>>> print(open('work01.pdb').read())   # PDB, C-alpha atoms and all ligand atoms
MODEL        1
ATOM      1  CA  MET V 552      27.732  13.697  -5.715  1.00  0.00           C
ATOM      2  CA  GLN V 553      28.226   9.990  -5.098  1.00  0.00           C
ATOM      3  CA  GLU V 554      25.153   8.276  -3.685  1.00  0.00           C
ATOM      4  CA  HIS V 555      25.499   6.384  -0.410  1.00  0.00           C
ATOM      5  CA  ILE V 556      23.119   3.473   0.155  1.00  0.00           C
ATOM      6  CA  PRO V 557      22.820   1.799   3.570  1.00  0.00           C
ATOM      7  CA  ILE V 558      22.898  -1.993   3.316  1.00  0.00           C
ATOM      8  CA  GLY V 559      22.395  -4.618   5.995  1.00  0.00           C
ATOM      9  CA  ALA V 560      22.062  -8.374   6.413  1.00  0.00           C
ATOM     10  CA  ASP V 561      21.795 -10.996   9.107  1.00  0.00           C
ATOM     11  CA  HIS V 562      23.947 -14.151   9.077  1.00  0.00           C
ATOM     12  CA  ALA V 563      21.765 -15.740   6.388  1.00  0.00           C
ATOM     13  CA  GLY V 564      22.303 -12.758   4.101  1.00  0.00           C
ATOM     14  CA  TYR V 565      25.949 -12.063   4.938  1.00  0.00           C
ATOM     15  CA  GLU V 566      27.511 -13.768   1.921  1.00  0.00           C
ATOM     16  CA  LEU V 567      25.084 -12.188  -0.524  1.00  0.00           C
ATOM     17  CA  LYS V 568      25.709  -8.785   1.063  1.00  0.00           C
ATOM     18  CA  GLN V 569      29.432  -9.128   0.346  1.00  0.00           C
ATOM     19  CA  ILE V 570      28.608  -9.831  -3.308  1.00  0.00           C
ATOM     20  CA  LEU V 571      26.269  -6.841  -3.546  1.00  0.00           C
ATOM     21  CA  LEU V 572      28.800  -4.521  -1.876  1.00  0.00           C
ATOM     22  CA  ASP V 573      31.089  -5.173  -4.845  1.00  0.00           C
ATOM     23  CA  GLU V 574      28.231  -4.766  -7.288  1.00  0.00           C
ATOM     24  CA  LEU V 575      27.206  -1.395  -5.812  1.00  0.00           C
ATOM     25  CA  ARG V 576      30.791  -0.085  -5.946  1.00  0.00           C
ATOM     26  CA  ARG V 577      31.083  -1.296  -9.538  1.00  0.00           C
ATOM     27  CA  ARG V 578      28.027   0.849 -10.308  1.00  0.00           C
ATOM     28  CA  GLY V 579      29.571   3.954  -8.683  1.00  0.00           C
ATOM     29  CA  ILE V 580      27.450   3.753  -5.508  1.00  0.00           C
ATOM     30  CA  GLU V 581      29.098   3.813  -2.072  1.00  0.00           C
ATOM     31  CA  PRO V 582      27.472   1.254   0.249  1.00  0.00           C
ATOM     32  CA  ASP V 583      27.178   2.114   3.950  1.00  0.00           C
ATOM     33  CA  ASP V 584      27.535  -1.385   5.394  1.00  0.00           C
ATOM     34  CA  VAL V 585      25.702  -1.582   8.750  1.00  0.00           C
ATOM     35  CA  GLY V 586      26.577  -5.295   9.168  1.00  0.00           C
ATOM     36  CA  THR V 587      26.490  -8.066  10.007  1.00  0.00           C
ATOM     37  CA  HIS V 588      30.155  -8.759   9.412  1.00  0.00           C
ATOM     38  CA  SER V 589      30.274 -12.560   9.684  1.00  0.00           C
ATOM     39  CA  THR V 590      28.107 -15.673   9.394  1.00  0.00           C
ATOM     40  CA  GLU V 591      27.706 -15.858  13.182  1.00  0.00           C
ATOM     41  CA  SER V 592      24.038 -16.079  14.161  1.00  0.00           C
ATOM     42  CA  THR V 593      22.443 -12.691  14.706  1.00  0.00           C
ATOM     43  CA  ASP V 594      19.036 -10.935  14.743  1.00  0.00           C
ATOM     44  CA  TYR V 595      17.707  -9.477  11.475  1.00  0.00           C
ATOM     45  CA  ALA V 596      15.717  -6.654  13.106  1.00  0.00           C
ATOM     46  CA  ASP V 597      18.907  -4.991  14.394  1.00  0.00           C
ATOM     47  CA  TYR V 598      20.005  -4.324  10.809  1.00  0.00           C
ATOM     48  CA  ALA V 599      16.547  -3.665   9.386  1.00  0.00           C
ATOM     49  CA  HIS V 600      15.969  -0.847  11.877  1.00  0.00           C
ATOM     50  CA  GLN V 601      19.317   0.808  11.112  1.00  0.00           C
ATOM     51  CA  VAL V 602      18.723   0.854   7.366  1.00  0.00           C
ATOM     52  CA  ALA V 603      15.043   1.807   7.644  1.00  0.00           C
ATOM     53  CA  LYS V 604      15.823   4.610  10.110  1.00  0.00           C
ATOM     54  CA  ALA V 605      18.239   6.154   7.598  1.00  0.00           C
ATOM     55  CA  VAL V 606      15.478   6.135   4.964  1.00  0.00           C
ATOM     56  CA  GLU V 607      12.795   7.316   7.401  1.00  0.00           C
ATOM     57  CA  THR V 608      14.876  10.350   8.440  1.00  0.00           C
ATOM     58  CA  GLY V 609      15.936  11.205   4.899  1.00  0.00           C
ATOM     59  CA  GLU V 610      19.581  10.516   5.668  1.00  0.00           C
ATOM     60  CA  ALA V 611      19.403   8.077   2.743  1.00  0.00           C
ATOM     61  CA  ALA V 612      17.009   8.036  -0.208  1.00  0.00           C
ATOM     62  CA  ARG V 613      16.978   4.239  -0.400  1.00  0.00           C
ATOM     63  CA  GLY V 614      18.335   1.179   1.354  1.00  0.00           C
ATOM     64  CA  ILE V 615      18.999  -2.530   0.869  1.00  0.00           C
ATOM     65  CA  LEU V 616      18.449  -5.482   3.227  1.00  0.00           C
ATOM     66  CA  MET V 617      18.697  -9.251   3.037  1.00  0.00           C
ATOM     67  CA  CYS V 618      17.987 -12.211   5.274  1.00  0.00           C
ATOM     68  CA  GLY V 619      17.095 -15.841   4.572  1.00  0.00           C
ATOM     69  CA  THR V 620      13.595 -15.265   3.218  1.00  0.00           C
ATOM     70  CA  GLY V 621      13.502 -11.455   3.199  1.00  0.00           C
ATOM     71  CA  LEU V 622      10.404 -11.604   5.368  1.00  0.00           C
ATOM     72  CA  GLY V 623      11.764 -10.714   8.804  1.00  0.00           C
ATOM     73  CA  MET V 624      13.703  -7.791   7.378  1.00  0.00           C
ATOM     74  CA  SER V 625      10.632  -6.501   5.549  1.00  0.00           C
ATOM     75  CA  TYR V 626       8.401  -6.782   8.628  1.00  0.00           C
ATOM     76  CA  ALA V 627      10.832  -4.723  10.708  1.00  0.00           C
ATOM     77  CA  ALA V 628      11.662  -2.141   8.028  1.00  0.00           C
ATOM     78  CA  ASN V 629       8.001  -1.540   7.183  1.00  0.00           C
ATOM     79  CA  ARG V 630       7.294  -0.462  10.784  1.00  0.00           C
ATOM     80  CA  HIS V 631       9.114   2.798   9.974  1.00  0.00           C
ATOM     81  CA  PRO V 632       6.907   5.644   8.683  1.00  0.00           C
ATOM     82  CA  GLY V 633       7.508   6.413   5.040  1.00  0.00           C
ATOM     83  CA  VAL V 634       9.442   3.207   4.444  1.00  0.00           C
ATOM     84  CA  ARG V 635       8.191   0.911   1.685  1.00  0.00           C
ATOM     85  CA  ALA V 636      10.330  -2.222   1.893  1.00  0.00           C
ATOM     86  CA  ALA V 637       9.731  -4.712  -0.922  1.00  0.00           C
ATOM     87  CA  VAL V 638      10.829  -8.338  -0.984  1.00  0.00           C
ATOM     88  CA  ALA V 639      11.891  -9.091  -4.568  1.00  0.00           C
ATOM     89  CA  TRP V 640      12.751 -12.591  -5.766  1.00  0.00           C
ATOM     90  CA  ASN V 641      13.169 -11.798  -9.458  1.00  0.00           C
ATOM     91  CA  PRO V 642      13.945  -8.711 -11.587  1.00  0.00           C
ATOM     92  CA  GLU V 643      10.314  -8.283 -12.671  1.00  0.00           C
ATOM     93  CA  VAL V 644       9.100  -7.990  -9.084  1.00  0.00           C
ATOM     94  CA  ALA V 645      11.973  -5.605  -8.319  1.00  0.00           C
ATOM     95  CA  ALA V 646      11.088  -3.358 -11.278  1.00  0.00           C
ATOM     96  CA  LEU V 647       7.382  -3.362 -10.388  1.00  0.00           C
ATOM     97  CA  SER V 648       8.181  -2.575  -6.756  1.00  0.00           C
ATOM     98  CA  ARG V 649       9.751   0.638  -8.048  1.00  0.00           C
ATOM     99  CA  GLU V 650       7.358   1.442 -10.895  1.00  0.00           C
ATOM    100  CA  HIS V 651       4.102   0.806  -8.988  1.00  0.00           C
ATOM    101  CA  ASN V 652       5.050   0.939  -5.287  1.00  0.00           C
ATOM    102  CA  ASP V 653       7.959   3.402  -5.167  1.00  0.00           C
ATOM    103  CA  ALA V 654       9.811   0.920  -2.947  1.00  0.00           C
ATOM    104  CA  ASN V 655      12.565   2.752  -1.087  1.00  0.00           C
ATOM    105  CA  VAL V 656      14.033  -0.360   0.533  1.00  0.00           C
ATOM    106  CA  LEU V 657      14.907  -3.476  -1.459  1.00  0.00           C
ATOM    107  CA  VAL V 658      14.789  -6.745   0.505  1.00  0.00           C
ATOM    108  CA  LEU V 659      16.381  -9.865  -0.958  1.00  0.00           C
ATOM    109  CA  PRO V 660      15.633 -13.466   0.105  1.00  0.00           C
ATOM    110  CA  ALA V 661      19.244 -14.659   0.255  1.00  0.00           C
ATOM    111  CA  ARG V 662      18.440 -18.353   0.785  1.00  0.00           C
ATOM    112  CA  CYS V 663      16.118 -18.466  -2.222  1.00  0.00           C
ATOM    113  CA  ILE V 664      18.096 -16.787  -5.035  1.00  0.00           C
ATOM    114  CA  ASP V 665      21.508 -17.247  -6.650  1.00  0.00           C
ATOM    115  CA  PRO V 666      24.091 -14.439  -6.964  1.00  0.00           C
ATOM    116  CA  ASP V 667      23.353 -13.711 -10.642  1.00  0.00           C
ATOM    117  CA  THR V 668      19.649 -13.381  -9.911  1.00  0.00           C
ATOM    118  CA  ALA V 669      20.471 -11.095  -6.979  1.00  0.00           C
ATOM    119  CA  ARG V 670      22.605  -8.864  -9.215  1.00  0.00           C
ATOM    120  CA  ALA V 671      19.792  -8.702 -11.788  1.00  0.00           C
ATOM    121  CA  ILE V 672      17.256  -7.858  -9.059  1.00  0.00           C
ATOM    122  CA  LEU V 673      19.524  -5.108  -7.747  1.00  0.00           C
ATOM    123  CA  ALA V 674      20.002  -3.631 -11.230  1.00  0.00           C
ATOM    124  CA  ALA V 675      16.260  -3.638 -11.963  1.00  0.00           C
ATOM    125  CA  TRP V 676      15.494  -1.992  -8.628  1.00  0.00           C
ATOM    126  CA  LEU V 677      18.205   0.660  -8.916  1.00  0.00           C
ATOM    127  CA  ASP V 678      17.381   1.577 -12.511  1.00  0.00           C
ATOM    128  CA  THR V 679      13.571   1.624 -12.549  1.00  0.00           C
ATOM    129  CA  PRO V 680      11.847   4.955 -11.795  1.00  0.00           C
ATOM    130  CA  PHE V 681       8.511   5.374 -10.018  1.00  0.00           C
ATOM    131  CA  ALA V 682       5.684   5.807 -12.528  1.00  0.00           C
ATOM    132  CA  GLY V 683       3.623   8.206 -10.355  1.00  0.00           C
ATOM    133  CA  GLY V 684       0.059   8.994 -11.471  1.00  0.00           C
ATOM    134  CA  ARG V 685      -2.525   6.533 -10.146  1.00  0.00           C
ATOM    135  CA  HIS V 686       0.231   4.734  -8.245  1.00  0.00           C
ATOM    136  CA  ALA V 687       0.954   7.877  -6.196  1.00  0.00           C
ATOM    137  CA  ARG V 688      -2.708   7.963  -5.156  1.00  0.00           C
ATOM    138  CA  ARG V 689      -2.563   4.316  -4.102  1.00  0.00           C
ATOM    139  CA  ILE V 690       0.645   4.795  -2.119  1.00  0.00           C
ATOM    140  CA  ALA V 691      -0.921   7.715  -0.248  1.00  0.00           C
ATOM    141  CA  LYS V 692      -3.705   5.379   0.876  1.00  0.00           C
ATOM    142  CA  ILE V 693      -1.214   2.997   2.506  1.00  0.00           C
ATOM    143  CA  GLU V 694      -0.771   5.516   5.339  1.00  0.00           C
ATOM    144  CA  ASP V 695      -4.559   5.873   5.740  1.00  0.00           C
ATOM    145  CA  VAL V 696      -5.123   3.337   8.516  1.00  0.00           C
ATOM    146  CA  THR V 697      -7.993   5.112  10.326  1.00  0.00           C
TER     147      THR V 697
HETATM  148  C1  LIG V 701      17.543 -16.845  10.045  1.00  0.00           C
HETATM  149  O1  LIG V 701      17.658 -18.201  10.273  1.00  0.00           O
HETATM  150  C2  LIG V 701      16.253 -16.537   9.312  1.00  0.00           C
HETATM  151  O2  LIG V 701      15.153 -16.776  10.131  1.00  0.00           O
HETATM  152  C3  LIG V 701      16.263 -15.099   8.838  1.00  0.00           C
HETATM  153  O3  LIG V 701      17.352 -14.886   8.016  1.00  0.00           O
HETATM  154  C4  LIG V 701      15.057 -14.666   8.009  1.00  0.00           C
HETATM  155  O4  LIG V 701      14.800 -15.545   6.965  1.00  0.00           O
HETATM  156  C5  LIG V 701      13.850 -14.299   8.768  1.00  0.00           C
HETATM  157  O5  LIG V 701      12.855 -13.818   8.223  1.00  0.00           O
ENDMDL
END
>>> encode(input="work01.pdb", output="structure tokens", more="lines below")
Ligand code: RB5
Amino acid sequence: MQEHIPIGADHAGYELKQILLDELRRRGIEPDDVGTHSTESTDYADYAHQVAKAVETGEAARGILMCGTGLGMSYAANRHPGVRAAVAWNPEVAALSREHNDANVLVLPARCIDPDTARAILAAWLDTPFAGGRHARRIAKIEDVT
């Protein structure tokens, strides 16, 4: 069955989102584009919550977000239980966010990377499995805030 991945951006990430929509389709993945749909100024949290909610509820296994720095999107997405949203600025960070942190939301800093780097980050994140083992123990402790 074809995987659907929710993807969202604010105005600062809009152009990169359009590039990654094509890249996802090229890889046989159907993006569920939650917006934004233009470069008109908008609020990143509106899109972060939509994508993170889909991951939180299990409607989607993973999601993708982008804004100018990636930071606002990550703050909002990481408020959702079970969501591990990772800002990745190069393919190594993207791969480690999967291997060590089981990141289920990729966040890209659209104003800080070029399209080729973004494609390489996406590929590393999509293709790298979680290593489990000691990393599973560490992830479990993230929820332990008492
Ligand atoms: C929008 O100007 C910018 O603040 C936003 O895209 C993001 O970088 C926030 O974290």
>>> resolve_selection(input="work01.pdb", expression="the PyMOL selection byres (((not hetatm)) within 10 of (chain V and resi 701))", output="list in words")
Ala560, Asp561, His562, Ala563, Gly564, Tyr565, Ser592, Thr593, Asp594, Tyr595, Ala596, Met617, Cys618, Gly619, Thr620, Gly621, Leu622, Gly623, Met624, Ser625, Tyr626, Ala627, Leu659, Pro660, Ala661, Arg662 and Cys663 of chain V
>>> closest_residue(input="work01.pdb", among="V:Pro666, V:Val634, V:Leu673, V:Ala605", to="V:Ala646", atoms="all atoms listed in the file")
V:Leu673
>>> closest_residue(input="work01.pdb", among="V:His555, V:Lys692, V:Arg635, V:His651", to="V:Ile580", atoms="only C-alpha atoms")
V:His555
>>> resolve_selection(input="work01.pdb", expression="the PyMOL selection byres (((chain V and resi 669) around 12) and not hetatm)", output="ChimeraX atom specification")
/V:564,566-572,574-575,615-617,638-645,657-668,670-676
>>> atom_distance(input="work01.pdb", atom1="atom CA of V:Glu610", atom2="atom CA of V:Gly586")
17.6 Å
>>> resolve_selection(input="work01.pdb", expression="the PyMOL selection byres (((chain V and resi 655) around 10) and not hetatm)", output="list in words")
Ala603, Val606, Glu607, Ala611, Ala612, Arg613, Gly614, Ile615, Gly633, Val634, Arg635, Ala636, Ala637, Ser648, Arg649, Asn652, Asp653, Ala654, Val656, Leu657, Val658, Trp676 and Leu677 of chain V
>>> atom_distance(input="work01.pdb", atom1="atom CA of V:Asp695", atom2="atom CA of V:Thr679")
26.1 Å
>>> atom_distance(input="work01.pdb", atom1="atom CA of V:Arg576", atom2="atom CA of V:Asp678")
15.0 Å
>>> closest_residue(input="work01.pdb", among="V:Glu694, V:Glu591, V:Asp597, V:Asp584", to="V:Pro632", atoms="only C-alpha atoms")
V:Glu694
